[in-house]
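Below is one structure; the comments refer to it alone.
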Amino acid sequence: MITLLARLLIKDHEKTDLPEVRRGYGVLSGTVGIFLNVFLFAGKLFAGIAAHSVSITADAFNNLSDAASSVMTLIGFRLAGKKADRDHPFGHGRIEYIAGLFVSISILLMGSELFRNSLSRIVHPEEIVYSGLSVAILAVSIAVKFYMYYYNRNLASLIDSVALRSTAMDSLSDCVATSAVLLCQILSKSTGLQLDGLCGLAVSAFILNTGIKTIMEASGTLLGRAPDLELTTEIAERVLHTEGILDMHDLLIHDYGPGHQLVSLHAEVPSDFTLVHAHEIIDRLEKELDSEFGVMSVIHIDPVDVHDREANLLQKRVLRKIRSMDPDAGLHDFRILRGEETPVVSFDALFPFSYNESDEKIIMELTTTLGRELPGYKTNIRVDRM
């Protein structure tokens, strides 16, 4: 159904890299989600009241909260698709991440409410009225929720959406929760045991676990999660295979929402290149990165004197010292500043985040050691983290 609606309602539906197409898929998912969740809420509420079951009634209101989450998703995608303006020059794409966060919070709230109601039912048990209609409604609900999980998961992969991924996980948790409620109904009928409250506790635990996982994913993106390793590797390889570029460092990827990424990096070029020639290389590379990866890029030029034999020899000695501190460490921007009476060895020491010493201690240790090993030189050391 979703595929058919996408073909009918979304222009150029196959071009998922276009902001308006992503917005179309998000709005479609939200609209269908609202309709299906309201339908399930009405059915389960009727079944819960008829059966005097706290787990069915709570599951009904869980679907109502899902309808509200679908409204958030719909609004989030519509706002995220707004074009860049003076106040938001990189667009409004991060609103989609905020929508995903709200969906995750709603999962936690409903899990907490179901947990409270289930405890109350254990303390004050009530007999459940078994009915074939309630069982049929729950079975239909499971099928509908699994379908919602299936299409939201596929759409999330198609347009790389955190919000839809959270919605898909919410639908899967609902599917499991409703299955547990249905099982509780059948077991209570066959054994005569009052399992409604215990079933509600198990369901709420699953929902709370799902909510915690999805809220960590959504909030991690907003806080600034490390970029995808595959993307950074591909960009780095593309830069290093560019003729005229010796090395690169300080690669940063700034995420302003799906399809709105800004890349900045430092590219080392031979210092005997003319400024015009170096600019031509960098300008062409920026356009190629935009074309191949769909990212805006800003590249800083670092000139390197490849013919400075003294600097090349000293760089190898300094690198050995840095790697003795951590095998994964490195350096960049190495140069000898000879404008003063005493030449200055200047470089950036590159250490992984796993190296526990502070930047200040690293600089102190390197300054002390190199002061002994490189007499006649001053040092100017900065620390970068990978």
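Each chain of the structure tokens is named A, B, ... in the order shown, its residues numbered from 1; ligands are numbered from 1 in display order.
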For this session: Using DSSP on the backbone coordinates, identify the residues of segment 10-115 of chain A assigned to helix (DSSP H, G or I); present them as number ranges by chain.
Result: A: 19-51, 54-80, 95-115
Residue selection dump (C-alpha atoms) as a PDB file, in the first residue's frame:
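Saved the output as part.pdb:
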```pdb
ATOM      1  CA  PRO A  19      14.664  17.190   0.196  1.00  0.00           C
ATOM      2  CA  GLU A  20      11.121  17.433  -1.162  1.00  0.00           C
ATOM      3  CA  VAL A  21      11.038  13.664  -1.814  1.00  0.00           C
ATOM      4  CA  ARG A  22      12.282  12.898   1.722  1.00  0.00           C
ATOM      5  CA  ARG A  23       9.612  15.242   3.064  1.00  0.00           C
ATOM      6  CA  GLY A  24       6.988  13.468   0.967  1.00  0.00           C
ATOM      7  CA  TYR A  25       7.914  10.063   2.376  1.00  0.00           C
ATOM      8  CA  GLY A  26       7.915  11.411   5.924  1.00  0.00           C
ATOM      9  CA  VAL A  27       4.510  13.064   5.523  1.00  0.00           C
ATOM     10  CA  LEU A  28       3.100   9.902   3.935  1.00  0.00           C
ATOM     11  CA  SER A  29       4.390   7.749   6.804  1.00  0.00           C
ATOM     12  CA  GLY A  30       2.962  10.136   9.389  1.00  0.00           C
ATOM     13  CA  THR A  31      -0.444  10.357   7.701  1.00  0.00           C
ATOM     14  CA  VAL A  32      -0.839   6.582   7.351  1.00  0.00           C
ATOM     15  CA  GLY A  33       0.396   6.149  10.931  1.00  0.00           C
ATOM     16  CA  ILE A  34      -2.238   8.545  12.298  1.00  0.00           C
ATOM     17  CA  PHE A  35      -5.046   6.750  10.491  1.00  0.00           C
ATOM     18  CA  LEU A  36      -3.980   3.226  11.499  1.00  0.00           C
ATOM     19  CA  ASN A  37      -3.223   4.095  15.135  1.00  0.00           C
ATOM     20  CA  VAL A  38      -6.549   5.860  15.663  1.00  0.00           C
ATOM     21  CA  PHE A  39      -8.262   2.825  14.140  1.00  0.00           C
ATOM     22  CA  LEU A  40      -6.393   0.478  16.511  1.00  0.00           C
ATOM     23  CA  PHE A  41      -7.060   2.713  19.515  1.00  0.00           C
ATOM     24  CA  ALA A  42     -10.800   2.615  18.935  1.00  0.00           C
ATOM     25  CA  GLY A  43     -10.837  -1.164  18.494  1.00  0.00           C
ATOM     26  CA  LYS A  44      -8.660  -1.933  21.522  1.00  0.00           C
ATOM     27  CA  LEU A  45     -10.478   0.533  23.772  1.00  0.00           C
ATOM     28  CA  PHE A  46     -13.750  -1.206  22.992  1.00  0.00           C
ATOM     29  CA  ALA A  47     -12.154  -4.613  23.617  1.00  0.00           C
ATOM     30  CA  GLY A  48     -10.502  -3.478  26.867  1.00  0.00           C
ATOM     31  CA  ILE A  49     -13.711  -2.061  28.321  1.00  0.00           C
ATOM     32  CA  ALA A  50     -15.663  -5.154  27.296  1.00  0.00           C
ATOM     33  CA  ALA A  51     -13.071  -7.513  28.837  1.00  0.00           C
ATOM     34  CA  VAL A  54      -6.068  -3.167  32.115  1.00  0.00           C
ATOM     35  CA  SER A  55      -3.479  -4.550  29.696  1.00  0.00           C
ATOM     36  CA  ILE A  56      -5.789  -4.211  26.653  1.00  0.00           C
ATOM     37  CA  THR A  57      -6.936  -0.724  27.697  1.00  0.00           C
ATOM     38  CA  ALA A  58      -3.364   0.402  28.317  1.00  0.00           C
ATOM     39  CA  ASP A  59      -2.369  -1.039  24.947  1.00  0.00           C
ATOM     40  CA  ALA A  60      -5.178   1.011  23.390  1.00  0.00           C
ATOM     41  CA  PHE A  61      -3.848   4.237  24.851  1.00  0.00           C
ATOM     42  CA  ASN A  62      -0.399   3.198  23.700  1.00  0.00           C
ATOM     43  CA  ASN A  63      -1.803   3.299  20.159  1.00  0.00           C
ATOM     44  CA  LEU A  64      -3.302   6.721  20.850  1.00  0.00           C
ATOM     45  CA  SER A  65       0.146   7.968  21.869  1.00  0.00           C
ATOM     46  CA  ASP A  66       1.497   6.441  18.661  1.00  0.00           C
ATOM     47  CA  ALA A  67      -1.028   8.522  16.728  1.00  0.00           C
ATOM     48  CA  ALA A  68       0.310  11.609  18.508  1.00  0.00           C
ATOM     49  CA  SER A  69       3.852  10.483  17.640  1.00  0.00           C
ATOM     50  CA  SER A  70       2.814  10.184  13.998  1.00  0.00           C
ATOM     51  CA  VAL A  71       1.554  13.768  14.162  1.00  0.00           C
ATOM     52  CA  MET A  72       4.983  14.802  15.497  1.00  0.00           C
ATOM     53  CA  THR A  73       6.690  12.894  12.697  1.00  0.00           C
ATOM     54  CA  LEU A  74       4.474  14.523  10.077  1.00  0.00           C
ATOM     55  CA  ILE A  75       5.058  18.020  11.475  1.00  0.00           C
ATOM     56  CA  GLY A  76       8.776  17.316  11.840  1.00  0.00           C
ATOM     57  CA  PHE A  77       9.207  16.305   8.208  1.00  0.00           C
ATOM     58  CA  ARG A  78       7.187  19.253   6.923  1.00  0.00           C
ATOM     59  CA  LEU A  79       9.256  21.718   8.952  1.00  0.00           C
ATOM     60  CA  ALA A  80      12.530  19.928   8.176  1.00  0.00           C
ATOM     61  CA  ILE A  95      13.953  19.292  13.133  1.00  0.00           C
ATOM     62  CA  GLU A  96      13.605  15.719  11.903  1.00  0.00           C
ATOM     63  CA  TYR A  97      15.984  14.606  14.651  1.00  0.00           C
ATOM     64  CA  ILE A  98      13.928  16.517  17.218  1.00  0.00           C
ATOM     65  CA  ALA A  99      10.793  14.737  15.966  1.00  0.00           C
ATOM     66  CA  GLY A 100      12.565  11.406  16.460  1.00  0.00           C
ATOM     67  CA  LEU A 101      13.449  12.459  20.014  1.00  0.00           C
ATOM     68  CA  PHE A 102       9.800  13.260  20.790  1.00  0.00           C
ATOM     69  CA  VAL A 103       8.733   9.872  19.440  1.00  0.00           C
ATOM     70  CA  SER A 104      11.285   8.221  21.748  1.00  0.00           C
ATOM     71  CA  ILE A 105      10.081  10.212  24.753  1.00  0.00           C
ATOM     72  CA  SER A 106       6.483   9.198  24.036  1.00  0.00           C
ATOM     73  CA  ILE A 107       7.570   5.535  24.079  1.00  0.00           C
ATOM     74  CA  LEU A 108       9.097   6.034  27.546  1.00  0.00           C
ATOM     75  CA  LEU A 109       6.014   7.811  28.859  1.00  0.00           C
ATOM     76  CA  MET A 110       3.650   5.104  27.695  1.00  0.00           C
ATOM     77  CA  GLY A 111       5.923   2.372  29.059  1.00  0.00           C
ATOM     78  CA  SER A 112       5.974   4.098  32.442  1.00  0.00           C
ATOM     79  CA  GLU A 113       2.195   4.485  32.491  1.00  0.00           C
ATOM     80  CA  LEU A 114       1.663   0.839  31.553  1.00  0.00           C
ATOM     81  CA  PHE A 115       4.092  -0.199  34.312  1.00  0.00           C
TER      82      PHE A 115
END
```
For this session: Excluding Asp305 of chain A and any residue of its chain fewer than 5 positions from it, enumerate the residues within 12 Å of it, using only C-alpha atoms, and give them as an MDAnalysis selection string.
Result: chainID A and resid 246 268:273 310:312 333:337
For this session: Once DSSP has gone over the backbone, tell me which residues of segment 114-356 of chain A are in strand (DSSP E), as a VMD selection string.
Result: chain A and resid 247 to 255 261 to 270 296 to 304 330 to 337 344 to 351
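Contact shell of Leu138 of chain A at 7 Å (only C-alpha atoms; same-chain neighbours under 3 positions omitted): A:Ser134, A:Val135, A:Ser141, A:Ile142, A:Thr178, A:Leu182.
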Write the residues you've just listed into a file as a compact mmCIF listing (two decimals), in the first residue's frame, and include C-alpha atoms for each of them.
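Full text of again01.txt as output:
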```
# COMPACT_ATOMS: atom_id res chain seq x y z
CA SER A 134 -11.35 -9.20 21.94
CA VAL A 135 -9.01 -11.93 20.72
CA SER A 141 -3.82 -5.24 15.77
CA ILE A 142 -0.70 -7.42 15.76
CA THR A 178 -0.02 -6.77 21.93
CA LEU A 182 -3.21 -11.76 23.56
```
Just the residues within 6 Å of Ile207 of chain A, please, counting only C-alpha atoms, with nothing from its chain fewer than 3 positions along; format it as a PDB file with N, CA and C atoms, in the first residue's frame.
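That gives us out-v6.pdb:
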```
ATOM      1  N   GLY A 111       5.392   3.515  28.321  1.00  0.00           N
ATOM      2  CA  GLY A 111       5.923   2.372  29.059  1.00  0.00           C
ATOM      3  C   GLY A 111       5.803   2.569  30.557  1.00  0.00           C
ATOM      4  N   SER A 173       7.742  -2.727  19.009  1.00  0.00           N
ATOM      5  CA  SER A 173       7.477  -2.913  20.439  1.00  0.00           C
ATOM      6  C   SER A 173       5.983  -3.082  20.687  1.00  0.00           C
ATOM      7  N   SER A 204       5.473  -3.649  29.631  1.00  0.00           N
ATOM      8  CA  SER A 204       6.022  -2.325  29.937  1.00  0.00           C
ATOM      9  C   SER A 204       7.553  -2.352  29.967  1.00  0.00           C
ATOM     10  N   THR A 210      12.868  -0.413  24.749  1.00  0.00           N
ATOM     11  CA  THR A 210      12.848   0.148  23.395  1.00  0.00           C
ATOM     12  C   THR A 210      12.957   1.662  23.438  1.00  0.00           C
TER      13      THR A 210
END
```
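One distance worth recording is that between atom CA of Arg225 of chain A and atom CA of Ser297 of chain A, which is 19.0 Å.
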